[in-house]
>>> print(open('upload.cif').read())   # mmCIF, C-alpha atoms
data_entry
#
loop_
_atom_site.group_PDB
_atom_site.id
_atom_site.type_symbol
_atom_site.label_atom_id
_atom_site.label_comp_id
_atom_site.auth_asym_id
_atom_site.auth_seq_id
_atom_site.Cartn_x
_atom_site.Cartn_y
_atom_site.Cartn_z
ATOM 1 C CA MET A 1 -8.046 -29.808 0.731
ATOM 2 C CA VAL A 2 -6.319 -31.164 3.836
ATOM 3 C CA ARG A 3 -4.851 -34.660 3.708
ATOM 4 C CA GLN A 4 -7.048 -37.289 5.348
ATOM 5 C CA LYS A 5 -4.231 -39.538 6.517
ATOM 6 C CA LYS A 6 -3.280 -39.028 10.143
ATOM 7 C CA TYR A 7 0.262 -37.715 10.513
ATOM 8 C CA GLY A 8 2.351 -37.312 13.631
ATOM 9 C CA ILE A 9 5.805 -36.573 14.964
ATOM 10 C CA GLU A 10 6.444 -40.035 16.438
ATOM 11 C CA GLN A 11 9.259 -40.763 13.985
ATOM 12 C CA LEU A 12 10.931 -37.450 14.793
ATOM 13 C CA ILE A 13 10.589 -38.176 18.501
ATOM 14 C CA SER A 14 12.117 -41.628 18.002
ATOM 15 C CA LEU A 15 15.098 -40.400 15.973
ATOM 16 C CA THR A 16 15.902 -37.593 18.426
ATOM 17 C CA LYS A 17 15.122 -39.559 21.604
ATOM 18 C CA LYS A 18 18.724 -40.169 22.699
ATOM 19 C CA ASP A 19 19.790 -36.563 22.185
ATOM 20 C CA MET A 20 16.574 -35.228 23.720
ATOM 21 C CA GLY A 21 17.448 -37.282 26.797
ATOM 22 C CA LEU A 22 20.695 -35.327 27.053
ATOM 23 C CA VAL A 23 18.810 -32.089 26.470
ATOM 24 C CA ASN A 24 16.338 -32.940 29.227
ATOM 25 C CA ASP A 25 19.173 -33.783 31.639
ATOM 26 C CA LEU A 26 20.766 -30.425 30.903
ATOM 27 C CA ILE A 27 17.445 -28.642 31.357
ATOM 28 C CA ILE A 28 17.014 -30.173 34.817
ATOM 29 C CA GLN A 29 20.579 -29.240 35.770
ATOM 30 C CA ARG A 30 20.109 -25.656 34.672
ATOM 31 C CA THR A 31 16.882 -25.139 36.593
ATOM 32 C CA ILE A 32 18.520 -26.062 39.903
ATOM 33 C CA SER A 33 18.760 -23.029 42.150
ATOM 34 C CA SER A 34 19.061 -22.217 45.829
ATOM 35 C CA THR A 35 15.883 -20.200 45.354
ATOM 36 C CA ASP A 36 13.236 -22.920 45.598
ATOM 37 C CA MET A 37 10.662 -21.116 43.483
ATOM 38 C CA ILE A 38 12.858 -21.200 40.369
ATOM 39 C CA PRO A 39 12.991 -25.007 39.935
ATOM 40 C CA LYS A 40 9.384 -25.363 41.088
ATOM 41 C CA VAL A 41 7.955 -22.965 38.513
ATOM 42 C CA SER A 42 10.265 -23.817 35.620
ATOM 43 C CA GLN A 43 10.128 -27.597 36.028
ATOM 44 C CA TYR A 44 6.353 -27.466 36.519
ATOM 45 C CA LEU A 45 5.888 -26.062 33.024
ATOM 46 C CA ILE A 46 8.782 -27.882 31.337
ATOM 47 C CA SER A 47 7.648 -31.266 32.690
ATOM 48 C CA SER A 48 3.977 -30.706 31.894
ATOM 49 C CA GLY A 49 4.195 -32.039 28.380
ATOM 50 C CA GLY A 50 4.275 -30.127 25.146
ATOM 51 C CA LYS A 51 5.681 -31.460 21.907
ATOM 52 C CA ARG A 52 9.247 -30.162 22.408
ATOM 53 C CA LEU A 53 9.225 -29.593 18.650
ATOM 54 C CA ARG A 54 11.585 -26.626 18.682
ATOM 55 C CA PRO A 55 14.573 -28.334 20.381
ATOM 56 C CA MET A 56 13.880 -31.427 18.276
ATOM 57 C CA LEU A 57 14.230 -29.225 15.188
ATOM 58 C CA THR A 58 17.690 -28.144 16.342
ATOM 59 C CA ILE A 59 18.728 -31.772 16.793
ATOM 60 C CA ALA A 60 17.088 -32.865 13.531
ATOM 61 C CA SER A 61 18.663 -30.115 11.449
ATOM 62 C CA SER A 62 22.061 -30.894 12.997
ATOM 63 C CA LYS A 63 21.663 -34.558 12.069
ATOM 64 C CA LEU A 64 20.404 -33.626 8.609
ATOM 65 C CA CYS A 65 23.661 -31.691 8.168
ATOM 66 C CA GLU A 66 25.743 -34.557 9.591
ATOM 67 C CA CYS A 67 27.003 -32.501 12.529
ATOM 68 C CA LYS A 68 30.339 -33.784 13.870
ATOM 69 C CA ASN A 69 30.130 -32.185 17.329
ATOM 70 C CA ASN A 70 27.607 -32.181 20.188
ATOM 71 C CA HIS A 71 27.216 -28.411 20.565
ATOM 72 C CA TYR A 72 23.630 -28.761 19.370
ATOM 73 C CA ILE A 73 22.725 -30.184 22.811
ATOM 74 C CA PRO A 74 23.145 -26.911 24.783
ATOM 75 C CA LEU A 75 21.669 -25.007 21.850
ATOM 76 C CA ALA A 76 18.569 -27.230 21.833
ATOM 77 C CA ALA A 77 18.229 -26.788 25.597
ATOM 78 C CA GLY A 78 18.588 -23.038 25.153
ATOM 79 C CA VAL A 79 15.846 -23.055 22.521
ATOM 80 C CA GLU A 80 13.511 -24.891 24.909
ATOM 81 C CA PHE A 81 14.313 -22.408 27.695
ATOM 82 C CA MET A 82 13.516 -19.516 25.372
ATOM 83 C CA HIS A 83 10.209 -21.115 24.447
ATOM 84 C CA THR A 84 9.308 -21.847 28.079
ATOM 85 C CA ALA A 85 10.135 -18.271 29.076
ATOM 86 C CA THR A 86 7.813 -16.899 26.384
ATOM 87 C CA LEU A 87 5.013 -19.204 27.572
ATOM 88 C CA LEU A 88 5.394 -17.976 31.159
ATOM 89 C CA HIS A 89 5.315 -14.376 29.977
ATOM 90 C CA ASP A 90 2.434 -14.990 27.519
ATOM 91 C CA ASP A 91 0.225 -16.474 30.211
ATOM 92 C CA VAL A 92 0.660 -13.336 32.311
ATOM 93 C CA VAL A 93 -0.087 -11.006 29.392
ATOM 94 C CA ASP A 94 -3.115 -13.059 28.330
ATOM 95 C CA ASP A 95 -4.422 -13.825 31.841
ATOM 96 C CA SER A 96 -4.436 -17.513 30.852
ATOM 97 C CA GLU A 97 -5.673 -20.069 33.347
ATOM 98 C CA MET A 98 -4.565 -23.230 31.511
ATOM 99 C CA ARG A 99 -1.343 -24.294 29.821
ATOM 100 C CA ARG A 100 -0.640 -27.739 28.340
ATOM 101 C CA GLY A 101 -3.703 -29.192 30.013
ATOM 102 C CA LYS A 102 -2.680 -28.010 33.471
ATOM 103 C CA ILE A 103 -3.338 -24.967 35.597
ATOM 104 C CA ALA A 104 -1.072 -22.164 34.374
ATOM 105 C CA ALA A 105 1.950 -21.410 36.570
ATOM 106 C CA ARG A 106 0.700 -17.881 37.177
ATOM 107 C CA MET A 107 -2.427 -19.296 38.827
ATOM 108 C CA LEU A 108 -0.291 -21.233 41.324
ATOM 109 C CA TRP A 109 2.625 -18.871 42.021
ATOM 110 C CA GLY A 110 1.368 -15.517 40.766
ATOM 111 C CA ASN A 111 2.200 -13.229 37.868
ATOM 112 C CA GLU A 112 5.342 -11.858 39.469
ATOM 113 C CA ALA A 113 6.917 -15.297 39.873
ATOM 114 C CA SER A 114 6.021 -16.284 36.304
ATOM 115 C CA VAL A 115 7.652 -13.184 34.841
ATOM 116 C CA LEU A 116 10.775 -13.411 36.970
ATOM 117 C CA VAL A 117 11.310 -17.135 36.440
ATOM 118 C CA GLY A 118 10.814 -16.537 32.720
ATOM 119 C CA ASP A 119 13.574 -13.924 32.893
ATOM 120 C CA TYR A 120 15.801 -16.413 34.719
ATOM 121 C CA LEU A 121 15.262 -19.027 31.998
ATOM 122 C CA LEU A 122 16.150 -16.504 29.304
ATOM 123 C CA GLY A 123 19.386 -15.759 31.132
ATOM 124 C CA GLU A 124 20.224 -19.453 31.374
ATOM 125 C CA ALA A 125 19.350 -19.885 27.690
ATOM 126 C CA PHE A 126 21.939 -17.310 26.673
ATOM 127 C CA LYS A 127 24.547 -18.900 28.927
ATOM 128 C CA MET A 128 24.007 -22.233 27.163
ATOM 129 C CA MET A 129 24.236 -20.535 23.774
ATOM 130 C CA VAL A 130 27.654 -19.173 24.743
ATOM 131 C CA GLU A 131 28.727 -22.672 25.822
ATOM 132 C CA ALA A 132 27.995 -23.934 22.300
ATOM 133 C CA GLN A 133 30.992 -21.869 21.147
ATOM 134 C CA SER A 134 29.354 -20.382 18.065
ATOM 135 C CA ILE A 135 29.076 -16.623 17.742
ATOM 136 C CA LYS A 136 26.871 -17.036 14.663
ATOM 137 C CA ALA A 137 24.417 -19.320 16.487
ATOM 138 C CA LEU A 138 24.359 -16.866 19.395
ATOM 139 C CA GLU A 139 23.643 -14.058 16.936
ATOM 140 C CA VAL A 140 20.727 -15.956 15.379
ATOM 141 C CA LEU A 141 19.118 -16.857 18.718
ATOM 142 C CA SER A 142 19.650 -13.459 20.332
ATOM 143 C CA ASN A 143 18.070 -11.830 17.286
ATOM 144 C CA ALA A 144 15.172 -14.281 17.581
ATOM 145 C CA ALA A 145 14.634 -13.265 21.219
ATOM 146 C CA THR A 146 14.324 -9.616 20.170
ATOM 147 C CA VAL A 147 12.003 -10.360 17.256
ATOM 148 C CA ILE A 148 9.740 -12.599 19.382
ATOM 149 C CA ALA A 149 9.340 -9.826 21.958
ATOM 150 C CA GLU A 150 8.568 -7.359 19.168
ATOM 151 C CA GLY A 151 5.920 -9.740 17.844
ATOM 152 C CA GLU A 152 4.316 -9.953 21.284
ATOM 153 C CA VAL A 153 4.103 -6.163 21.445
ATOM 154 C CA MET A 154 2.662 -5.995 17.933
ATOM 155 C CA GLN A 155 0.002 -8.537 18.899
ATOM 156 C CA LEU A 156 -0.860 -6.468 21.954
ATOM 157 C CA VAL A 157 -1.177 -3.321 19.836
ATOM 158 C CA TYR A 158 -3.478 -5.034 17.344
ATOM 159 C CA SER A 159 -5.679 -6.859 19.869
ATOM 160 C CA ASN A 160 -9.353 -6.172 19.150
ATOM 161 C CA HIS A 161 -8.481 -4.630 15.742
ATOM 162 C CA LEU A 162 -10.934 -6.261 13.350
ATOM 163 C CA THR A 163 -9.574 -4.262 10.423
ATOM 164 C CA ILE A 164 -6.061 -5.678 10.745
ATOM 165 C CA LYS A 165 -4.728 -6.552 7.294
ATOM 166 C CA PRO A 166 -3.674 -10.146 6.574
ATOM 167 C CA GLU A 167 -0.165 -8.865 5.774
ATOM 168 C CA MET A 168 0.202 -7.407 9.261
ATOM 169 C CA TYR A 169 -1.181 -10.548 10.859
ATOM 170 C CA PHE A 170 1.339 -12.701 9.031
ATOM 171 C CA GLN A 171 4.099 -10.392 10.166
ATOM 172 C CA ILE A 172 2.945 -10.824 13.769
ATOM 173 C CA ILE A 173 2.878 -14.624 13.644
ATOM 174 C CA ASN A 174 6.150 -14.683 11.734
ATOM 175 C CA TYR A 175 7.737 -12.696 14.556
ATOM 176 C CA LYS A 176 5.887 -14.217 17.501
ATOM 177 C CA THR A 177 5.837 -17.912 16.538
ATOM 178 C CA ALA A 178 7.750 -18.728 13.373
ATOM 179 C CA LYS A 179 10.957 -16.919 14.359
ATOM 180 C CA LEU A 180 11.916 -19.479 17.024
ATOM 181 C CA PHE A 181 11.086 -22.381 14.669
ATOM 182 C CA SER A 182 13.296 -20.687 12.098
ATOM 183 C CA ALA A 183 16.194 -20.026 14.475
ATOM 184 C CA ALA A 184 15.990 -23.528 15.979
ATOM 185 C CA SER A 185 16.350 -25.031 12.500
ATOM 186 C CA GLU A 186 19.005 -22.628 11.213
ATOM 187 C CA ILE A 187 21.417 -23.127 14.104
ATOM 188 C CA GLY A 188 21.589 -26.839 13.309
ATOM 189 C CA ALA A 189 23.247 -25.955 10.012
ATOM 190 C CA ILE A 190 25.429 -23.305 11.626
ATOM 191 C CA ILE A 191 26.768 -25.591 14.338
ATOM 192 C CA SER A 192 27.417 -28.231 11.661
ATOM 193 C CA GLU A 193 29.397 -25.724 9.564
ATOM 194 C CA SER A 194 27.280 -26.591 6.546
ATOM 195 C CA GLY A 195 27.578 -23.229 4.848
ATOM 196 C CA THR A 196 25.420 -20.157 4.377
ATOM 197 C CA LYS A 197 23.155 -21.631 1.700
ATOM 198 C CA THR A 198 22.167 -24.634 3.812
ATOM 199 C CA ALA A 199 21.599 -22.409 6.852
ATOM 200 C CA GLU A 200 19.305 -20.180 4.781
ATOM 201 C CA ILE A 201 17.330 -23.173 3.509
ATOM 202 C CA LEU A 202 16.794 -24.505 7.029
ATOM 203 C CA ARG A 203 15.971 -21.025 8.270
ATOM 204 C CA ASP A 204 13.219 -20.774 5.645
ATOM 205 C CA PHE A 205 12.058 -24.327 6.381
ATOM 206 C CA GLY A 206 11.589 -23.486 10.065
ATOM 207 C CA SER A 207 9.818 -20.242 9.264
ATOM 208 C CA TYR A 208 7.299 -21.877 6.925
ATOM 209 C CA LEU A 209 6.743 -24.718 9.380
ATOM 210 C CA GLY A 210 6.158 -22.259 12.225
ATOM 211 C CA ILE A 211 3.582 -20.284 10.248
ATOM 212 C CA ALA A 212 1.747 -23.477 9.262
ATOM 213 C CA PHE A 213 1.776 -24.547 12.895
ATOM 214 C CA GLN A 214 0.386 -21.197 14.104
ATOM 215 C CA LEU A 215 -2.376 -21.098 11.501
ATOM 216 C CA SER A 216 -3.439 -24.573 12.590
ATOM 217 C CA ASP A 217 -3.489 -23.308 16.167
ATOM 218 C CA ASP A 218 -5.720 -20.428 15.068
ATOM 219 C CA ALA A 219 -8.301 -22.891 13.739
ATOM 220 C CA LEU A 220 -7.943 -25.388 16.591
ATOM 221 C CA ASP A 221 -8.698 -22.694 19.170
ATOM 222 C CA TYR A 222 -12.258 -22.720 17.824
ATOM 223 C CA THR A 223 -12.699 -26.272 16.568
ATOM 224 C CA SER A 224 -10.759 -28.626 18.863
ATOM 225 C CA THR A 225 -11.435 -29.785 22.410
ATOM 226 C CA LYS A 226 -9.802 -28.862 25.705
ATOM 227 C CA ASP A 227 -8.383 -32.380 26.069
ATOM 228 C CA ASN A 228 -6.779 -32.234 22.631
ATOM 229 C CA ILE A 229 -5.092 -28.834 22.762
ATOM 230 C CA GLY A 230 -4.384 -28.656 26.489
ATOM 231 C CA LYS A 231 -5.874 -25.224 27.060
ATOM 232 C CA ASP A 232 -9.274 -23.637 27.306
ATOM 233 C CA ILE A 233 -11.117 -23.643 23.983
ATOM 234 C CA GLY A 234 -11.738 -20.162 22.641
ATOM 235 C CA ASP A 235 -8.887 -18.563 24.569
ATOM 236 C CA ASP A 236 -7.996 -16.364 21.587
ATOM 237 C CA PHE A 237 -11.588 -15.167 21.252
ATOM 238 C CA PHE A 238 -12.118 -14.501 24.959
ATOM 239 C CA GLU A 239 -8.791 -12.655 25.143
ATOM 240 C CA GLY A 240 -9.839 -10.417 22.252
ATOM 241 C CA LYS A 241 -7.228 -11.747 19.799
ATOM 242 C CA VAL A 242 -8.187 -11.257 16.193
ATOM 243 C CA THR A 243 -6.658 -14.299 14.496
ATOM 244 C CA TYR A 244 -6.785 -15.435 10.884
ATOM 245 C CA PRO A 245 -10.217 -17.164 10.976
ATOM 246 C CA ILE A 246 -11.779 -13.909 12.221
ATOM 247 C CA ILE A 247 -9.860 -11.809 9.695
ATOM 248 C CA ILE A 248 -11.229 -13.978 6.879
ATOM 249 C CA SER A 249 -14.772 -13.942 8.252
ATOM 250 C CA TYR A 250 -14.827 -10.184 8.859
ATOM 251 C CA SER A 251 -13.449 -9.396 5.397
ATOM 252 C CA LYS A 252 -16.319 -11.374 3.803
ATOM 253 C CA SER A 253 -19.058 -10.090 6.118
ATOM 254 C CA THR A 254 -21.969 -7.835 5.277
ATOM 255 C CA ASP A 255 -22.278 -4.528 7.117
ATOM 256 C CA ALA A 256 -24.748 -6.127 9.509
ATOM 257 C CA GLU A 257 -22.420 -9.045 10.186
ATOM 258 C CA LYS A 258 -19.477 -6.682 10.707
ATOM 259 C CA LYS A 259 -21.522 -4.892 13.339
ATOM 260 C CA ILE A 260 -22.066 -8.206 15.135
ATOM 261 C CA TRP A 261 -18.317 -8.854 15.034
ATOM 262 C CA GLU A 262 -17.583 -5.390 16.399
ATOM 263 C CA GLU A 263 -19.984 -5.946 19.281
ATOM 264 C CA LEU A 264 -18.527 -9.378 20.023
ATOM 265 C CA ILE A 265 -14.881 -8.307 20.017
ATOM 266 C CA SER A 266 -15.464 -5.120 22.013
ATOM 267 C CA LYS A 267 -17.522 -6.919 24.667
ATOM 268 C CA LYS A 268 -15.512 -7.166 27.889
ATOM 269 C CA ASN A 269 -17.212 -10.188 29.433
ATOM 270 C CA LYS A 270 -17.751 -12.600 26.575
ATOM 271 C CA ASN A 271 -19.752 -15.769 27.239
ATOM 272 C CA SER A 272 -20.315 -19.164 25.633
ATOM 273 C CA ASP A 273 -23.156 -17.812 23.491
ATOM 274 C CA ASP A 274 -20.825 -15.151 22.115
ATOM 275 C CA PHE A 275 -18.268 -17.840 21.304
ATOM 276 C CA LYS A 276 -20.919 -19.942 19.562
ATOM 277 C CA THR A 277 -21.923 -16.930 17.460
ATOM 278 C CA ALA A 278 -18.275 -16.329 16.520
ATOM 279 C CA VAL A 279 -17.836 -19.959 15.452
ATOM 280 C CA GLU A 280 -20.970 -19.773 13.311
ATOM 281 C CA LEU A 281 -19.864 -16.535 11.656
ATOM 282 C CA ILE A 282 -16.423 -17.936 10.893
ATOM 283 C CA ASP A 283 -17.781 -21.223 9.597
ATOM 284 C CA GLU A 284 -20.337 -19.485 7.374
ATOM 285 C CA LYS A 285 -17.570 -17.528 5.625
ATOM 286 C CA GLN A 286 -15.275 -20.576 5.325
ATOM 287 C CA GLY A 287 -12.873 -19.003 7.794
ATOM 288 C CA PHE A 288 -11.643 -22.332 9.146
ATOM 289 C CA GLU A 289 -11.281 -23.848 5.685
ATOM 290 C CA ASN A 290 -9.368 -20.807 4.417
ATOM 291 C CA THR A 291 -7.087 -20.844 7.462
ATOM 292 C CA LEU A 292 -6.204 -24.515 7.005
ATOM 293 C CA THR A 293 -5.701 -24.008 3.272
ATOM 294 C CA GLU A 294 -3.225 -21.251 4.076
ATOM 295 C CA ALA A 295 -1.528 -23.506 6.636
ATOM 296 C CA GLN A 296 -1.173 -26.200 3.975
ATOM 297 C CA ARG A 297 0.296 -23.663 1.549
ATOM 298 C CA TYR A 298 3.041 -22.803 4.024
ATOM 299 C CA GLY A 299 3.521 -26.465 4.820
ATOM 300 C CA GLU A 300 4.154 -27.135 1.140
ATOM 301 C CA LYS A 301 6.771 -24.373 1.119
ATOM 302 C CA ALA A 302 8.499 -26.117 4.025
ATOM 303 C CA LEU A 303 8.414 -29.405 2.110
ATOM 304 C CA ASN A 304 10.035 -27.708 -0.886
ATOM 305 C CA CYS A 305 12.924 -26.638 1.341
ATOM 306 C CA LEU A 306 13.531 -30.260 2.356
ATOM 307 C CA GLU A 307 13.909 -31.248 -1.301
ATOM 308 C CA ASN A 308 17.425 -29.812 -1.068
ATOM 309 C CA PHE A 309 18.556 -32.670 1.191
ATOM 310 C CA GLU A 310 19.443 -36.265 0.444
ATOM 311 C CA ASN A 311 16.868 -38.887 1.401
ATOM 312 C CA SER A 312 17.300 -40.155 4.954
ATOM 313 C CA GLU A 313 15.249 -41.283 7.922
ATOM 314 C CA MET A 314 15.585 -37.815 9.450
ATOM 315 C CA LYS A 315 14.343 -36.153 6.271
ATOM 316 C CA LYS A 316 11.344 -38.512 6.218
ATOM 317 C CA ALA A 317 10.638 -37.653 9.867
ATOM 318 C CA LEU A 318 10.720 -33.924 9.104
ATOM 319 C CA ILE A 319 8.400 -34.400 6.125
ATOM 320 C CA GLU A 320 5.975 -36.204 8.431
ATOM 321 C CA ALA A 321 6.256 -33.344 10.928
ATOM 322 C CA VAL A 322 5.351 -30.832 8.224
ATOM 323 C CA TYR A 323 2.211 -32.771 7.272
ATOM 324 C CA PHE A 324 1.373 -32.973 10.973
ATOM 325 C CA SER A 325 1.665 -29.193 11.325
ATOM 326 C CA TYR A 326 -1.396 -28.537 9.184
ATOM 327 C CA THR A 327 -3.473 -31.722 9.657
ATOM 328 C CA ARG A 328 -3.248 -32.112 13.437
ATOM 329 C CA ASN A 329 -6.063 -31.929 15.968
ATOM 330 C CA SER A 330 -3.917 -31.108 18.989
#
>>> encode(input="upload.cif", output="structure tokens")
Amino acid sequence: MVRQKKYGIEQLISLTKKDMGLVNDLIIQRTISSTDMIPKVSQYLISSGGKRLRPMLTIASSKLCECKNNHYIPLAAGVEFMHTATLLHDDVVDDSEMRRGKIAARMLWGNEASVLVGDYLLGEAFKMMVEAQSIKALEVLSNAATVIAEGEVMQLVYSNHLTIKPEMYFQIINYKTAKLFSAASEIGAIISESGTKTAEILRDFGSYLGIAFQLSDDALDYTSTKDNIGKDIGDDFFEGKVTYPIIISYSKSTDAEKKIWEELISKKNKNSDDFKTAVELIDEKQGFENTLTEAQRYGEKALNCLENFENSEMKKALIEAVYFSYTRNS
């Protein structure tokens, strides 16, 4: 079902390394402030690792479209600032204690600082978008910011809802996760002036990739290790998030099993035994297998989008990144 070969994003990292260096320099410059807490909080999270896949997608799509300017640098930095801001805000909403294998910023500086520094980064992101001198790219990213926030609210509304339909769940992850992947990819074509059709293809590519990535995350939250994913295992479960593995398991459950699920999800202070029970229930109904199959299906849609481009090292790197999105263990 899932490819056995181990895939990664090393080639993508290598091909975007020079430009990512410029992006990182710009990120450091734009987090400098006379208010000490701003660089401390923002650089703590930005420098703590993470794949930086979203800004790399902006660079990669620009290169794929043979961009003749360097406006993709501030746009890529803006994309990373948007992503970092959402992480700071998410950790507050979810009461998370870990992020990227480190103590979450909110645990060190408090919820108020995390929210306000996140707001600062969003402001700086939009300033960098303006500097890229593309109204269309600004339109795409500003729309993404709105949609991402809407997705966060939708997820909050549907927390603990075991009867959530798969269609609604996919809408949530499309808004909350895939939208920034999509925008990051689309603006590469826009800034390269490659035309509407190419921008639409890269928009769809990013969207499919983002959904595959999120579905993999859904499974990894139950099946990976803390060292691999850089956060506490079972965070989704303990926070009451009903993700795709649970949706699959619940839909296939007997009445008695559904009652167990209802008790587990409604329980305020869940423990390791509860988590073990959840894993067993999901595994019994092939919830993990179904989730990864769905991730692969979206990955294949992303690969189909790349068929529209001439063969190149960057295209090969993006193909590898797609395979990585649904076969990874971190």
>>> resolve_selection(input="upload.cif", expression="the PyMOL selection byres ((chain A and resi 23-38) around 10)", output="CSV table (one decimal) with C-alpha atoms, keeping the file's coordinate frame")
chain,number,residue,atom,x,y,z
A,17,LYS,CA,15.1,-39.6,21.6
A,18,LYS,CA,18.7,-40.2,22.7
A,19,ASP,CA,19.8,-36.6,22.2
A,20,MET,CA,16.6,-35.2,23.7
A,21,GLY,CA,17.4,-37.3,26.8
A,22,LEU,CA,20.7,-35.3,27.1
A,39,PRO,CA,13.0,-25.0,39.9
A,40,LYS,CA,9.4,-25.4,41.1
A,41,VAL,CA,8.0,-23.0,38.5
A,42,SER,CA,10.3,-23.8,35.6
A,43,GLN,CA,10.1,-27.6,36.0
A,44,TYR,CA,6.4,-27.5,36.5
A,46,ILE,CA,8.8,-27.9,31.3
A,47,SER,CA,7.6,-31.3,32.7
A,55,PRO,CA,14.6,-28.3,20.4
A,56,MET,CA,13.9,-31.4,18.3
A,59,ILE,CA,18.7,-31.8,16.8
A,72,TYR,CA,23.6,-28.8,19.4
A,73,ILE,CA,22.7,-30.2,22.8
A,74,PRO,CA,23.1,-26.9,24.8
A,75,LEU,CA,21.7,-25.0,21.8
A,76,ALA,CA,18.6,-27.2,21.8
A,77,ALA,CA,18.2,-26.8,25.6
A,78,GLY,CA,18.6,-23.0,25.2
A,80,GLU,CA,13.5,-24.9,24.9
A,81,PHE,CA,14.3,-22.4,27.7
A,109,TRP,CA,2.6,-18.9,42.0
A,113,ALA,CA,6.9,-15.3,39.9
A,114,SER,CA,6.0,-16.3,36.3
A,116,LEU,CA,10.8,-13.4,37.0
A,117,VAL,CA,11.3,-17.1,36.4
A,118,GLY,CA,10.8,-16.5,32.7
A,120,TYR,CA,15.8,-16.4,34.7
A,121,LEU,CA,15.3,-19.0,32.0
A,124,GLU,CA,20.2,-19.5,31.4
A,125,ALA,CA,19.4,-19.9,27.7
A,127,LYS,CA,24.5,-18.9,28.9
A,128,MET,CA,24.0,-22.2,27.2
>>> resolve_selection(input="upload.cif", expression="the PyMOL selection byres ((chain A and resi 12) around 9)", output="number ranges by chain")
A: 8-11, 13-17, 53, 56-57, 60, 313-314, 316-318, 320-321
>>> write_last_selection(input="upload.cif", atoms="C-alpha atoms", output="CSV table (one decimal), in the coordinates of the input")
chain,number,residue,atom,x,y,z
A,8,GLY,CA,2.4,-37.3,13.6
A,9,ILE,CA,5.8,-36.6,15.0
A,10,GLU,CA,6.4,-40.0,16.4
A,11,GLN,CA,9.3,-40.8,14.0
A,13,ILE,CA,10.6,-38.2,18.5
A,14,SER,CA,12.1,-41.6,18.0
A,15,LEU,CA,15.1,-40.4,16.0
A,16,THR,CA,15.9,-37.6,18.4
A,17,LYS,CA,15.1,-39.6,21.6
A,53,LEU,CA,9.2,-29.6,18.6
A,56,MET,CA,13.9,-31.4,18.3
A,57,LEU,CA,14.2,-29.2,15.2
A,60,ALA,CA,17.1,-32.9,13.5
A,313,GLU,CA,15.2,-41.3,7.9
A,314,MET,CA,15.6,-37.8,9.4
A,316,LYS,CA,11.3,-38.5,6.2
A,317,ALA,CA,10.6,-37.7,9.9
A,318,LEU,CA,10.7,-33.9,9.1
A,320,GLU,CA,6.0,-36.2,8.4
A,321,ALA,CA,6.3,-33.3,10.9
>>> atom_distance(input="upload.cif", atom1="atom CA of Gly50 of chain A", atom2="atom CA of Ser159 of chain A")
25.9 Å
>>> closest_residue(input="upload.cif", among="A:Ser48, A:Gln133, A:Ser142, A:Asn160", to="Ala105 of chain A", atoms="all atoms listed in the file")
A:Ser48
>>> resolve_selection(input="upload.cif", expression="the PyMOL selection byres ((chain A and resi 278-284) around 8)", output="list in words")
Tyr222, Pro245, Ile246, Ile248, Ser249, Trp261, Leu264, Asp274, Phe275, Lys276, Thr277, Lys285, Gln286, Gly287 and Phe288 of chain A
>>> atom_distance(input="upload.cif", atom1="atom CA of Ser96 of chain A", atom2="atom CA of Thr84 of chain A")
14.7 Å
>>> atom_distance(input="upload.cif", atom1="atom CA of Ser182 of chain A", atom2="atom CA of Arg106 of chain A")
28.2 Å
>>> residues_around(input="upload.cif", residues="Ala219 of chain A", least_positions_apart="4", cutoff="12 Å", atoms="all atoms listed in the file", output="MDAnalysis selection string")
chainID A and resid 212:215 223:225 229 233:237 242:248 279 282:283 286:295 326:330
>>> axis_aligned_box(input="upload.cif", around="segment 96-100 of chain A", padding_each_side="8 Å", output="lines of an AutoDock Vina configuration file")
center_x = -3.2
center_y = -22.6
center_z = 30.8
size_x = 21.0
size_y = 26.2
size_z = 21.0
>>> residues_near_point(input="upload.cif", point="(7.1, -15.9, 4.2)", cutoff="9 Å", atoms="only C-alpha atoms", output="list in words")
Phe170, Gln171, Asn174, Asp204, Ser207, Tyr208, Ile211 and Tyr298 of chain A
>>> write_last_selection(input="upload.cif", atoms="C-alpha atoms", output="PDB file, in the frame of the given file")
ATOM      1  CA  PHE A 170       1.339 -12.701   9.031  1.00  0.00           C
ATOM      2  CA  GLN A 171       4.099 -10.392  10.166  1.00  0.00           C
ATOM      3  CA  ASN A 174       6.150 -14.683  11.734  1.00  0.00           C
ATOM      4  CA  ASP A 204      13.219 -20.774   5.645  1.00  0.00           C
ATOM      5  CA  SER A 207       9.818 -20.242   9.264  1.00  0.00           C
ATOM      6  CA  TYR A 208       7.299 -21.877   6.925  1.00  0.00           C
ATOM      7  CA  ILE A 211       3.582 -20.284  10.248  1.00  0.00           C
ATOM      8  CA  TYR A 298       3.041 -22.803   4.024  1.00  0.00           C
TER       9      TYR A 298
END
>>> closest_residue(input="upload.cif", among="A:Met82, A:Ser325, A:Ile190, A:Asp94", to="Phe126 of chain A", atoms="all atoms listed in the file")
A:Met82
>>> closest_residue(input="upload.cif", among="A:Glu97, A:Glu257, A:Glu263, A:Asp90", to="Val153 of chain A", atoms="all atoms listed in the file")
A:Asp90
>>> closest_residue(input="upload.cif", among="A:Gly123, A:Gly151, A:Gly110, A:Gly299", to="Lys176 of chain A", atoms="only C-alpha atoms")
A:Gly151
>>> residues_around(input="upload.cif", residues="Asn304 of chain A", least_positions_apart="2", cutoff="12 Å", atoms="all atoms listed in the file", output="list in words")
Ile201, Leu202, Asp204, Phe205, Gly206, Tyr208, Leu209, Arg297, Tyr298, Gly299, Glu300, Lys301, Ala302, Leu306, Glu307, Asn308, Phe309, Lys315, Leu318, Ile319 and Val322 of chain A
